Amino acid sequence: MAERNTAAVDVASATDGSEETPPPASAPTEPKSSSRPEKATTRTTRTERSEDSDGSEEKATADGRRPHRTPAGTKGAPSELHSGHKLARRYRLEECTTRLDGFSSWRAVDEKLRRAVGVHLLPAGHSRARAVLDAARSSALLGDPRFVQVLDAVEEGDMVYVVHEWLPDAVPLTEVLAAGPLEPYDAYQLAHQVGQAMASAHREGLAHLRLTPGAVLRTGSGQYRIRGLAVNAALRGITDDRPERVDTEAIGALLYAALTQRWPYERDAYGLTGVAGLAGGTLPPDQVRAGVHRGLSDVAMRALVNKGATATSQDPPCTTPQELVTALTELPRIKAPEPVFPAPYQRREYPPYAHGAYPNKAAAAAASHDPVPAAPAPTLPGRTGKALKWGVSALLIAALGLGSWQVADALMNGGGASGGEQDADDSGSDDKPKQQAAGSRLTIQDAREYYPDGRPQAADKVALSYDGDPKTHWNTKSFQDGPATAPYKDGVGIVYDLGKAKKISSVSLDLRNSGEHTEIALYAPDSLAPSGGPDSLPRIGAAKTTSSSAAVKLKKPVESRYVLVWLTAMPHSGSDGFSSAGYKQGISHVVVKGS
């Protein structure tokens, strides 16, 4: 990518493109400079969209030079930065994407790990520097993969910088909505995934407060990731005494925009046209656009009810992200759209051309569509044909009679001695290969739960999965989204120790829950506690089941002392004595066979 010098790119406005940004968060008032920026006389460059500006659009003049506004509390600005400048001899700045209120955001390259990153920069004497560092470090400790991760937060000399992930393949929601509204299933997934992520963040005491369409990214697999948790609000000095209410209204606005391709307020924002309500209120999505899912429309209005919306149902407003997620899960199941496959190409066949056969194209097309049927084979004429038919019929009758006589004789004699001996030999020869193929049951000497992410399920109950008692089991925790455990977890599982290397031919499991589907994969690790993730282990088999049992048969025996049973998808089940309702599974009995 060609480097572009953006050292002088600056903006005089602090609007950040958020004409009507929910939620209503308050920012500290800062004194403004009495001098107004000079109006540029040259033509302006094209508007650039920043990954760090939450989808807002900021403009700069052709030469990029405008007076920089330093907020109150700034003791000094860092030296002028430019493309190619390095931080900590590691992060090389490539392109300035935002310069606003005394801070700037850049696309950079981590030369140590050879990957793109994002960087926020502001002077160490900035009034918000300490708040930005605290927010970045708190966000990094969350470690939730549904958020764009903070990689580093450093105060170095007269400068403070925050380094975060850069996802070049992810698309901001602003660009997704520019193509049109989402299907009901996709809109449900958006609100559900974002709501779950924000509920998890609030449980750890973190809020976003700037959850706009530009802050939500959709990956190629259809998963949504949120950037700027706590940091974007700290950079702009935004605070609120009702953070859960603010983020819930923002999720409602995202759902509203996904259903209608309109922004649920009067003013246009984020490339979306605003909605003029009746009597100062906001129109429900199903009144703005035909064909909108009624249940999703009601949930969006329940989240926006404190922002001028009028509730369309008797249900109470959603005041927290968790309440919004609960409202979504109570809706009737929304099916994913059926995939559309293109019709297979059918090659048009023409008969071979002979000179003078087709005087024009119409005759050739008619010949290709209506071929002349082949003449039937001639029959034998006269008495010869009749004699041959009678002869064939007589032979068939004789063969049937002979076969019937032999069957009757065999039944009357009981099969004979020779027949009994042959049956015994056949049965013996069939049983031996079957017994060899099935193998014998191998004894499990020890087992340990495998959790490479450091979050176990029920490590103290592993022995219950192979104790021989079907009433006891090892169970997973209850997950709110599924059946697949990704992206929250790569999977859950147990490593079994056979004592010494054995040739494993199959593994069968008795599961606690049935329904939807359970996906199982087998790996052959080199120890009871492998250090790497599942991708680093040799995979030896897999199976998928909707019942309460599963059998994984290996194509050929694999020699290993250890075998990892790894679950990557689980069915939905109600609450029990171990966990609440959700996607979960348990293993009550494991049998490993081989030799």
# chains A, B, ... in the order shown; residues from 1 in each chain; ligands from 1
call {"tool": "residues_around", "arguments": {"residues": "A:Arg89", "least_positions_apart": "5", "cutoff": "12 Å", "atoms": "only C-alpha atoms", "output": "mmCIF file with N, CA, C and O atoms, in the first residue's frame"}}
result
data_model
loop_
_atom_site.group_PDB
_atom_site.id
_atom_site.type_symbol
_atom_site.label_atom_id
_atom_site.label_comp_id
_atom_site.auth_asym_id
_atom_site.auth_seq_id
_atom_site.Cartn_x
_atom_site.Cartn_y
_atom_site.Cartn_z
ATOM 1 N N GLY A 84 5.778 7.191 8.599
ATOM 2 C CA GLY A 84 7.123 6.666 8.752
ATOM 3 C C GLY A 84 7.681 6.811 10.143
ATOM 4 O O GLY A 84 8.678 6.164 10.490
ATOM 5 N N VAL A 109 1.919 -0.080 11.297
ATOM 6 C CA VAL A 109 2.424 -1.433 11.062
ATOM 7 C C VAL A 109 3.287 -1.833 12.254
ATOM 8 O O VAL A 109 4.193 -1.095 12.651
ATOM 9 N N ASP A 110 2.961 -2.989 12.821
ATOM 10 C CA ASP A 110 3.794 -3.564 13.876
ATOM 11 C C ASP A 110 4.928 -4.323 13.187
ATOM 12 O O ASP A 110 4.736 -5.435 12.680
ATOM 13 N N GLU A 111 6.114 -3.715 13.150
ATOM 14 C CA GLU A 111 7.220 -4.314 12.407
ATOM 15 C C GLU A 111 7.760 -5.567 13.093
ATOM 16 O O GLU A 111 8.402 -6.393 12.443
ATOM 17 N N LYS A 112 7.481 -5.724 14.354
ATOM 18 C CA LYS A 112 7.959 -6.913 15.053
ATOM 19 C C LYS A 112 7.140 -8.140 14.667
ATOM 20 O O LYS A 112 7.692 -9.211 14.421
ATOM 21 N N GLU A 156 4.853 7.377 27.111
ATOM 22 C CA GLU A 156 6.263 7.431 26.763
ATOM 23 C C GLU A 156 6.680 8.878 26.533
ATOM 24 O O GLU A 156 6.289 9.482 25.534
#
call {"tool": "residues_around", "arguments": {"residues": "A:Ser506", "least_positions_apart": "5", "cutoff": "7 Å", "atoms": "only C-alpha atoms", "output": "VMD selection string"}}
result
chain A and resid 552 to 554 592 to 594
call {"tool": "residues_around", "arguments": {"residues": "A:Leu498", "least_positions_apart": "2", "cutoff": "12 Å", "atoms": "only C-alpha atoms", "output": "short mmCIF file (atom, residue, chain, number, x, y, z; two decimals) with all heavy atoms, in the first residue's frame"}}
result
data_model
loop_
_atom_site.label_atom_id
_atom_site.label_comp_id
_atom_site.auth_asym_id
_atom_site.auth_seq_id
_atom_site.Cartn_x
_atom_site.Cartn_y
_atom_site.Cartn_z
N ARG A 441 -12.10 -53.31 24.07
CA ARG A 441 -12.22 -52.09 24.87
C ARG A 441 -10.90 -51.81 25.58
O ARG A 441 -10.32 -52.69 26.23
CB ARG A 441 -13.34 -52.25 25.88
CG ARG A 441 -13.55 -51.04 26.76
CD ARG A 441 -14.80 -51.18 27.59
NE ARG A 441 -14.97 -50.07 28.51
CZ ARG A 441 -16.03 -49.92 29.31
NH1 ARG A 441 -17.00 -50.82 29.28
NH2 ARG A 441 -16.12 -48.88 30.11
N LEU A 442 -10.44 -50.57 25.47
CA LEU A 442 -9.19 -50.16 26.08
C LEU A 442 -9.48 -49.47 27.42
O LEU A 442 -10.45 -48.71 27.53
CB LEU A 442 -8.42 -49.21 25.16
CG LEU A 442 -8.12 -49.74 23.76
CD1 LEU A 442 -7.40 -48.67 22.94
CD2 LEU A 442 -7.30 -51.01 23.81
N THR A 443 -8.63 -49.72 28.40
CA THR A 443 -8.84 -49.15 29.74
C THR A 443 -8.29 -47.73 29.80
O THR A 443 -7.15 -47.47 29.38
CB THR A 443 -8.12 -50.00 30.80
OG1 THR A 443 -8.61 -51.34 30.72
CG2 THR A 443 -8.37 -49.44 32.20
N ILE A 444 -9.11 -46.82 30.30
CA ILE A 444 -8.69 -45.44 30.48
C ILE A 444 -8.04 -45.31 31.86
O ILE A 444 -8.68 -45.58 32.89
CB ILE A 444 -9.90 -44.48 30.35
CG1 ILE A 444 -10.50 -44.58 28.94
CG2 ILE A 444 -9.48 -43.04 30.65
CD1 ILE A 444 -11.77 -43.76 28.77
N GLN A 445 -6.77 -44.91 31.88
CA GLN A 445 -6.03 -44.82 33.13
C GLN A 445 -6.24 -43.47 33.84
O GLN A 445 -6.27 -43.41 35.07
CB GLN A 445 -4.54 -45.02 32.86
CG GLN A 445 -4.20 -46.33 32.18
CD GLN A 445 -4.41 -47.54 33.09
OE1 GLN A 445 -4.49 -47.39 34.30
NE2 GLN A 445 -4.51 -48.71 32.50
N ASP A 446 -6.36 -42.41 33.08
CA ASP A 446 -6.48 -41.08 33.66
C ASP A 446 -7.12 -40.16 32.63
O ASP A 446 -7.21 -40.49 31.43
CB ASP A 446 -5.11 -40.54 34.08
CG ASP A 446 -5.20 -39.34 35.02
OD1 ASP A 446 -6.33 -39.00 35.43
OD2 ASP A 446 -4.15 -38.75 35.32
N ALA A 447 -7.57 -38.99 33.07
CA ALA A 447 -8.18 -38.01 32.15
C ALA A 447 -8.04 -36.63 32.77
O ALA A 447 -7.92 -36.47 33.99
CB ALA A 447 -9.64 -38.33 31.89
N TYR A 466 -16.00 -41.45 32.65
CA TYR A 466 -15.58 -42.81 32.29
C TYR A 466 -15.62 -43.75 33.50
O TYR A 466 -14.94 -44.78 33.51
CB TYR A 466 -14.18 -42.79 31.68
CG TYR A 466 -13.06 -42.34 32.60
CD1 TYR A 466 -12.27 -43.26 33.27
CD2 TYR A 466 -12.79 -40.99 32.79
CE1 TYR A 466 -11.25 -42.85 34.12
CE2 TYR A 466 -11.77 -40.57 33.63
CZ TYR A 466 -11.01 -41.51 34.29
OH TYR A 466 -10.00 -41.10 35.12
N VAL A 495 -9.02 -34.82 27.63
CA VAL A 495 -7.95 -35.68 27.14
C VAL A 495 -7.92 -36.94 28.00
O VAL A 495 -7.86 -36.87 29.24
CB VAL A 495 -6.58 -34.97 27.20
CG1 VAL A 495 -5.48 -35.91 26.73
CG2 VAL A 495 -6.59 -33.71 26.36
N TYR A 496 -7.98 -38.14 27.34
CA TYR A 496 -7.98 -39.42 28.05
C TYR A 496 -6.61 -40.10 27.86
O TYR A 496 -6.04 -40.11 26.75
CB TYR A 496 -9.09 -40.33 27.54
CG TYR A 496 -10.47 -39.79 27.84
CD1 TYR A 496 -11.16 -39.03 26.91
CD2 TYR A 496 -11.08 -40.03 29.07
CE1 TYR A 496 -12.42 -38.53 27.19
CE2 TYR A 496 -12.34 -39.53 29.36
CZ TYR A 496 -13.01 -38.78 28.41
OH TYR A 496 -14.25 -38.29 28.69
N LYS A 500 -0.47 -46.40 27.88
CA LYS A 500 0.64 -46.54 26.93
C LYS A 500 0.05 -46.46 25.53
O LYS A 500 -1.17 -46.49 25.35
CB LYS A 500 1.39 -47.85 27.15
CG LYS A 500 0.55 -49.10 26.94
CD LYS A 500 1.40 -50.34 27.17
CE LYS A 500 0.58 -51.62 26.94
NZ LYS A 500 1.40 -52.84 27.11
N ALA A 501 0.92 -46.38 24.56
CA ALA A 501 0.46 -46.21 23.18
C ALA A 501 -0.35 -47.43 22.74
O ALA A 501 0.09 -48.57 22.89
CB ALA A 501 1.65 -46.00 22.25
N LYS A 502 -1.54 -47.19 22.22
CA LYS A 502 -2.43 -48.24 21.70
C LYS A 502 -2.91 -47.84 20.31
O LYS A 502 -2.89 -46.66 19.94
CB LYS A 502 -3.65 -48.40 22.63
CG LYS A 502 -3.30 -48.76 24.07
CD LYS A 502 -2.80 -50.17 24.20
CE LYS A 502 -2.53 -50.53 25.66
NZ LYS A 502 -3.77 -50.63 26.45
N LYS A 503 -3.34 -48.83 19.55
CA LYS A 503 -3.93 -48.56 18.24
C LYS A 503 -5.43 -48.34 18.42
O LYS A 503 -6.19 -49.28 18.67
CB LYS A 503 -3.67 -49.72 17.29
CG LYS A 503 -2.22 -49.83 16.85
CD LYS A 503 -2.03 -50.89 15.78
CE LYS A 503 -0.59 -50.92 15.29
NZ LYS A 503 -0.38 -51.95 14.24
N ILE A 504 -5.85 -47.09 18.29
CA ILE A 504 -7.25 -46.70 18.53
C ILE A 504 -8.03 -46.85 17.23
O ILE A 504 -7.61 -46.35 16.18
CB ILE A 504 -7.31 -45.25 19.02
CG1 ILE A 504 -6.47 -45.08 20.29
CG2 ILE A 504 -8.75 -44.83 19.27
CD1 ILE A 504 -6.30 -43.64 20.72
N ALA A 524 -5.14 -36.59 18.56
CA ALA A 524 -4.15 -37.44 19.21
C ALA A 524 -3.02 -36.57 19.76
O ALA A 524 -2.00 -36.37 19.10
CB ALA A 524 -3.60 -38.46 18.23
N ASP A 526 0.12 -35.32 22.40
CA ASP A 526 1.31 -36.03 22.86
C ASP A 526 1.44 -36.05 24.38
O ASP A 526 2.43 -36.57 24.90
CB ASP A 526 2.56 -35.40 22.25
CG ASP A 526 2.66 -33.91 22.56
OD1 ASP A 526 1.75 -33.39 23.23
OD2 ASP A 526 3.63 -33.27 22.11
N SER A 527 0.47 -35.47 25.08
CA SER A 527 0.52 -35.48 26.54
C SER A 527 -0.89 -35.29 27.08
O SER A 527 -1.84 -35.02 26.34
CB SER A 527 1.43 -34.37 27.07
OG SER A 527 0.89 -33.09 26.78
N LEU A 528 -1.01 -35.45 28.40
CA LEU A 528 -2.32 -35.28 29.04
C LEU A 528 -2.71 -33.81 29.11
O LEU A 528 -3.90 -33.50 29.25
CB LEU A 528 -2.27 -35.88 30.45
CG LEU A 528 -3.61 -36.11 31.17
CD1 LEU A 528 -4.48 -37.07 30.37
CD2 LEU A 528 -3.36 -36.66 32.57
N GLU A 559 -2.18 -45.03 16.24
CA GLU A 559 -1.46 -45.38 17.46
C GLU A 559 -1.18 -44.13 18.28
O GLU A 559 -0.56 -43.18 17.80
CB GLU A 559 -0.13 -46.07 17.11
CG GLU A 559 0.61 -46.59 18.33
CD GLU A 559 1.81 -47.44 17.95
OE1 GLU A 559 2.01 -47.69 16.75
OE2 GLU A 559 2.53 -47.87 18.87
N SER A 560 -1.69 -44.12 19.50
CA SER A 560 -1.51 -42.98 20.40
C SER A 560 -1.82 -43.40 21.82
O SER A 560 -2.66 -44.28 22.06
CB SER A 560 -2.41 -41.81 19.98
OG SER A 560 -2.30 -40.74 20.89
N ARG A 561 -1.12 -42.78 22.75
CA ARG A 561 -1.43 -43.03 24.17
C ARG A 561 -2.57 -42.15 24.65
O ARG A 561 -3.34 -42.56 25.52
CB ARG A 561 -0.19 -42.77 25.01
CG ARG A 561 -0.44 -42.87 26.51
CD ARG A 561 0.82 -42.64 27.33
NE ARG A 561 0.52 -42.62 28.76
CZ ARG A 561 1.44 -42.49 29.72
NH1 ARG A 561 2.73 -42.39 29.39
NH2 ARG A 561 1.08 -42.48 31.00
N TYR A 562 -2.71 -40.98 24.05
CA TYR A 562 -3.71 -40.02 24.50
C TYR A 562 -4.71 -39.76 23.37
O TYR A 562 -4.35 -39.78 22.19
CB TYR A 562 -3.07 -38.70 24.91
CG TYR A 562 -1.97 -38.84 25.94
CD1 TYR A 562 -0.63 -38.92 25.55
CD2 TYR A 562 -2.28 -38.92 27.30
CE1 TYR A 562 0.38 -39.05 26.49
CE2 TYR A 562 -1.27 -39.07 28.24
CZ TYR A 562 0.06 -39.13 27.84
OH TYR A 562 1.04 -39.27 28.77
N VAL A 563 -5.97 -39.51 23.74
CA VAL A 563 -7.00 -39.15 22.77
C VAL A 563 -7.81 -38.00 23.36
O VAL A 563 -8.23 -38.04 24.52
CB VAL A 563 -7.90 -40.36 22.43
CG1 VAL A 563 -8.55 -40.93 23.68
CG2 VAL A 563 -8.97 -39.95 21.42
N LEU A 564 -8.00 -36.96 22.57
CA LEU A 564 -8.77 -35.78 22.99
C LEU A 564 -10.15 -35.83 22.35
O LEU A 564 -10.28 -35.94 21.12
CB LEU A 564 -8.05 -34.49 22.55
CG LEU A 564 -8.87 -33.19 22.60
CD1 LEU A 564 -9.32 -32.89 24.02
CD2 LEU A 564 -8.07 -32.03 22.03
N VAL A 591 -16.16 -44.86 25.75
CA VAL A 591 -15.55 -46.17 25.50
C VAL A 591 -14.59 -46.02 24.33
O VAL A 591 -14.98 -45.58 23.25
CB VAL A 591 -16.61 -47.24 25.17
CG1 VAL A 591 -15.92 -48.56 24.79
CG2 VAL A 591 -17.53 -47.46 26.35
N VAL A 592 -13.32 -46.36 24.56
CA VAL A 592 -12.29 -46.34 23.52
C VAL A 592 -11.95 -47.77 23.16
O VAL A 592 -11.65 -48.59 24.03
CB VAL A 592 -11.03 -45.58 24.00
CG1 VAL A 592 -9.99 -45.53 22.89
CG2 VAL A 592 -11.38 -44.19 24.47
N LYS A 593 -12.02 -48.09 21.86
CA LYS A 593 -11.73 -49.45 21.40
C LYS A 593 -10.51 -49.45 20.49
O LYS A 593 -10.25 -48.47 19.79
CB LYS A 593 -12.93 -50.05 20.68
CG LYS A 593 -14.10 -50.36 21.60
CD LYS A 593 -15.20 -51.11 20.88
CE LYS A 593 -16.32 -51.51 21.83
NZ LYS A 593 -17.37 -52.28 21.14
N GLY A 594 -9.81 -50.57 20.52
CA GLY A 594 -8.62 -50.71 19.69
C GLY A 594 -7.85 -51.95 20.08
O GLY A 594 -8.41 -52.94 20.57
N SER A 595 -6.57 -51.90 19.89
CA SER A 595 -5.74 -53.05 20.21
C SER A 595 -4.37 -52.59 20.73
O SER A 595 -3.99 -51.44 20.57
CB SER A 595 -5.56 -53.93 18.98
OG SER A 595 -4.95 -53.19 17.92
#
call {"tool": "closest_residue", "arguments": {"among": "A:Ala542, A:Leu324, A:Leu81, A:Ala269", "to": "A:Ile520", "atoms": "only C-alpha atoms"}}
result
A:Ala542
call {"tool": "select_by_dssp", "arguments": {"residues": "stretch 465-539 of chain A", "states": "strand (DSSP E or B)", "output": "ChimeraX atom specification"}}
result
/A:474-475,479,484,492-511,518-523,539
call {"tool": "atom_distance", "arguments": {"atom1": "atom CA of A:Arg539", "atom2": "atom CA of A:Trp566"}}
result
10.3 Å
call {"tool": "closest_atom_pairs", "arguments": {"of": "stretch 103-178 of chain A", "to": "stretch 191-194 of chain A", "cutoff": "12 Å", "atoms": "only C-alpha atoms", "output": "CSV"}}
result
residue,atom,partner,partner_atom,distance
A:Pro145,CA,A:Gln193,CA,11.7
A:Arg146,CA,A:Val194,CA,8.3
A:Phe147,CA,A:Val194,CA,9.5
A:Leu173,CA,A:Val194,CA,11.9
call {"tool": "write_last_selection", "arguments": {"atoms": "C-alpha atoms", "output": "PDB file, in the first residue's frame"}}
result
ATOM      1  CA  PRO A 145     -12.909 -11.896  21.298  1.00  0.00           C
ATOM      2  CA  ARG A 146     -16.127 -10.123  20.306  1.00  0.00           C
ATOM      3  CA  PHE A 147     -14.339  -6.806  20.862  1.00  0.00           C
ATOM      4  CA  LEU A 173     -21.873  -1.643   9.496  1.00  0.00           C
TER       5      LEU A 173
END
call {"tool": "residues_around", "arguments": {"residues": "A:Glu330", "least_positions_apart": "5", "cutoff": "12 Å", "atoms": "only C-alpha atoms", "output": "number ranges by chain"}}
result
A: 188, 192, 295-296, 299, 315, 323-325
call {"tool": "atom_distance", "arguments": {"atom1": "atom CA of A:Arg210", "atom2": "atom CA of A:Val246"}}
result
8.8 Å
call {"tool": "residues_around", "arguments": {"residues": "A:Thr546", "least_positions_apart": "2", "cutoff": "6 Å", "atoms": "only C-alpha atoms", "output": "ChimeraX atom specification"}}
result
/A:514-517
call {"tool": "atom_distance", "arguments": {"atom1": "atom CA of A:Asp186", "atom2": "atom CA of A:Ile226"}}
result
16.4 Å
call {"tool": "closest_residue", "arguments": {"among": "A:Leu402, A:Leu567, A:Ala131, A:Val162", "to": "A:Tyr451", "atoms": "only C-alpha atoms"}}
result
A:Leu567
call {"tool": "residues_around", "arguments": {"residues": "stretch 454-464 of chain A", "least_positions_apart": "4", "cutoff": "9 Å", "atoms": "only C-alpha atoms", "output": "list of chain:residue names"}}
result
A:Asp446, A:Ala447, A:Arg448, A:Glu449, A:Tyr450, A:Gly468, A:Asp469, A:Pro470, A:Thr472, A:His473, A:Trp474, A:Asn475, A:Thr476, A:Lys477, A:Val492, A:Gly493, A:Ile494, A:Ile587, A:Ser588, A:His589
call {"tool": "closest_residue", "arguments": {"among": "A:Val275, A:Ala303, A:Ala257, A:Val117", "to": "A:Glu244", "atoms": "only C-alpha atoms"}}
result
A:Ala303
call {"tool": "select_by_dssp", "arguments": {"residues": "stretch 187-304 of chain A", "states": "helix (DSSP H, G or I)", "output": "PyMOL selection string"}}
result
chain A and resi 187-203+213-215+231-236+243-260+285-288+294-303
call {"tool": "residues_around", "arguments": {"residues": "A:Asp169", "least_positions_apart": "6", "cutoff": "9 Å", "atoms": "only C-alpha atoms", "output": "ChimeraX atom specification"}}
result
/A:218-220
call {"tool": "closest_residue", "arguments": {"among": "A:Ser580, A:Ser536, A:Ser505, A:Gln480", "to": "A:Leu328", "atoms": "only C-alpha atoms"}}
result
A:Gln480
